[in-house]
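J.: My structure is in protein-v2.pdb, and what it holds is PDB, C-alpha atoms:
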```pdb
ATOM      1  CA  MET A  30       1.255  17.614  -8.346
ATOM      2  CA  SER A  31       1.422  14.300 -10.157
ATOM      3  CA  LYS A  32      -1.487  11.990 -10.689
ATOM      4  CA  LEU A  33      -1.513   8.586  -9.076
ATOM      5  CA  PRO A  34      -1.093   5.769 -11.583
ATOM      6  CA  ARG A  35      -3.735   3.082 -11.972
ATOM      7  CA  LEU A  36      -2.312   0.027 -10.228
ATOM      8  CA  SER A  37      -3.722  -3.348  -9.267
ATOM      9  CA  GLY A  38      -3.877  -4.519  -5.666
ATOM     10  CA  ASP A  39      -1.061  -7.014  -6.362
ATOM     11  CA  GLU A  40       1.200  -4.260  -7.737
ATOM     12  CA  VAL A  41       0.620  -2.065  -4.674
ATOM     13  CA  ILE A  42       1.410  -4.989  -2.355
ATOM     14  CA  LYS A  43       4.693  -5.658  -4.187
ATOM     15  CA  ILE A  44       5.705  -1.988  -3.924
ATOM     16  CA  LEU A  45       4.870  -1.714  -0.222
ATOM     17  CA  VAL A  46       6.711  -4.941   0.605
ATOM     18  CA  LYS A  47       9.783  -4.235  -1.520
ATOM     19  CA  LYS A  48      10.269  -0.492  -1.011
ATOM     20  CA  PHE A  49       8.623   0.279   2.340
ATOM     21  CA  GLY A  50       9.354  -2.813   4.453
ATOM     22  CA  PHE A  51       5.818  -4.135   4.937
ATOM     23  CA  GLU A  52       5.102  -7.838   5.399
ATOM     24  CA  VAL A  53       2.004  -9.753   4.361
ATOM     25  CA  SER A  54       0.222 -10.608   7.591
ATOM     26  CA  ARG A  55      -2.868 -12.412   6.347
ATOM     27  CA  GLN A  56      -5.483 -12.628   3.638
ATOM     28  CA  LYS A  57      -9.211 -12.905   4.091
ATOM     29  CA  GLY A  58     -11.136 -13.247   0.879
ATOM     30  CA  SER A  59     -10.022 -10.585  -1.566
ATOM     31  CA  HIS A  60      -8.277  -8.371   1.007
ATOM     32  CA  VAL A  61      -4.645  -8.636   2.111
ATOM     33  CA  THR A  62      -3.417  -7.167   5.398
ATOM     34  CA  LEU A  63       0.120  -5.763   5.487
ATOM     35  CA  VAL A  64       2.016  -5.016   8.708
ATOM     36  CA  LYS A  65       5.150  -3.033   9.479
ATOM     37  CA  HIS A  66       6.787  -2.679  12.901
ATOM     38  CA  GLU A  67       8.498   0.687  13.255
ATOM     39  CA  SER A  68       9.981   2.227  16.408
ATOM     40  CA  GLY A  69       7.770   0.225  18.746
ATOM     41  CA  ARG A  70       4.604   0.831  16.717
ATOM     42  CA  LYS A  71       2.609  -1.465  14.477
ATOM     43  CA  ILE A  72       1.457   0.060  11.185
ATOM     44  CA  VAL A  73      -1.326  -1.884   9.448
ATOM     45  CA  THR A  74      -2.940  -1.354   6.054
ATOM     46  CA  VAL A  75      -5.462  -3.391   4.072
ATOM     47  CA  ILE A  76      -5.331  -3.778   0.294
ATOM     48  CA  PRO A  77      -8.141  -5.132  -1.863
ATOM     49  CA  LEU A  78      -7.020  -7.448  -4.669
ATOM     50  CA  HIS A  79      -8.858  -5.550  -7.395
ATOM     51  CA  PRO A  80      -7.544  -5.478 -10.969
ATOM     52  CA  GLU A  81      -7.401  -1.667 -10.767
ATOM     53  CA  LEU A  82      -7.558   0.455  -7.608
ATOM     54  CA  LYS A  83      -9.346   3.787  -7.753
ATOM     55  CA  PRO A  84      -7.224   6.823  -6.809
ATOM     56  CA  GLY A  85      -9.238   7.404  -3.617
ATOM     57  CA  THR A  86      -8.749   3.807  -2.542
ATOM     58  CA  LEU A  87      -5.001   4.058  -3.140
ATOM     59  CA  LEU A  88      -4.835   7.309  -1.148
ATOM     60  CA  GLY A  89      -6.668   5.589   1.714
ATOM     61  CA  ILE A  90      -4.184   2.712   1.645
ATOM     62  CA  LEU A  91      -1.270   5.161   1.720
ATOM     63  CA  LYS A  92      -2.837   7.108   4.605
ATOM     64  CA  LEU A  93      -3.182   3.917   6.687
ATOM     65  CA  ALA A  94       0.396   2.965   5.763
ATOM     66  CA  GLU A  95       1.600   6.458   6.776
ATOM     67  CA  ILE A  96       3.202   7.032   3.371
ATOM     68  CA  SER A  97       2.825  10.340   1.565
ATOM     69  CA  LYS A  98       1.696  10.479  -2.034
ATOM     70  CA  ASP A  99       5.064  11.972  -3.026
ATOM     71  CA  GLU A 100       7.022   9.193  -1.273
ATOM     72  CA  PHE A 101       4.951   6.579  -3.092
ATOM     73  CA  LEU A 102       5.400   8.249  -6.489
ATOM     74  CA  GLU A 103       9.159   8.492  -5.871
ATOM     75  CA  ALA A 104       9.287   4.748  -5.083
ATOM     76  CA  LEU A 105       7.651   4.000  -8.455
ATOM     77  CA  LYS A 106      10.523   5.613 -10.376
TER      78      LYS A 106
END
```
Could you spell out this file's structure in structure tokens?

T.:
Amino acid sequence: MSKLPRLSGDEVIKILVKKFGFEVSRQKGSHVTLVKHESGRKIVTVIPLHPELKPGTLLGILKLAEISKDEFLEALK
């Protein structure tokens, strides 16, 4: 089981938009909301714009985005 890399909020947003089809919906303060419409459902996740996200925070983002840790790590390659 691989460790999650330390990424900034901006880097995570770029990955989710480019590789997983999310769109930036809005920003309020230091948090960006991403949305993805998939098979009649709306998937929403919120990403804080911190310089470095803690592993637990990143796992929470991935859970909301319905992306497994392995899928995310594969997209980083």

J.: Give me the residues near A:Ala94 as a list in words, where near means some atom within 8 Å (using only C-alpha atoms) and where sequence neighbours in that chain fewer than 5 positions away do not count.

T.: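 In the requested form, the answer reads Ile72, Val73 and Thr74 of chain A.
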
J.: Please report the interatomic distance between atom CA of A:Glu81 and atom CA of A:Arg35 in Å with one decimal.

T.: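 The value is 6.1 Å.
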
J.: Since I can't run it myself right now, could you work out what the PyMOL selection byres ((chain A and resi 76-80) around 6) selects here and report it as number ranges by chain?

T.: A: 37-38, 59-61, 75, 81

J.: Can you measure atom CA of A:Gly50 to atom CA of A:Asp99 for me? One decimal in Å is fine.

T.: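 For atom CA of A:Gly50 relative to atom CA of A:Asp99, the distance reads 17.1 Å.
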
J.: Please, which residues are within 8 Å of (1.4, -0.2, 3.4) by the file's coordinates, counting all atoms listed in the file, and could they come as number ranges by chain?

T.: A: 42, 45-46, 49, 51, 63-65, 72-75, 90-91, 93-96

J.: Hey, can you check how far atom CA of A:Leu87 sits from atom CA of A:Glu103?

T.: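 Those two atoms sit 15.1 Å apart.
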
J.: Using the chain letters and numbers from the file, give me the residues hit by the PyMOL selection byres ((chain A and resi 84) around 10), as a PyMOL selection string.

T.: chain A and resi 32-36+81-83+85-90

J.: As AutoDock Vina command-line options, please report the centre and edge lengths, rounded to one decimal in Å, of the axis-aligned box that holds all listed atoms of stretch 32-39 of chain A with 3 Å of padding on each of the six sides.

T.:
```
--center_x -2.5 --center_y 2.5 --center_z -8.8 --size_x 8.8 --size_y 25.0 --size_z 12.3
```
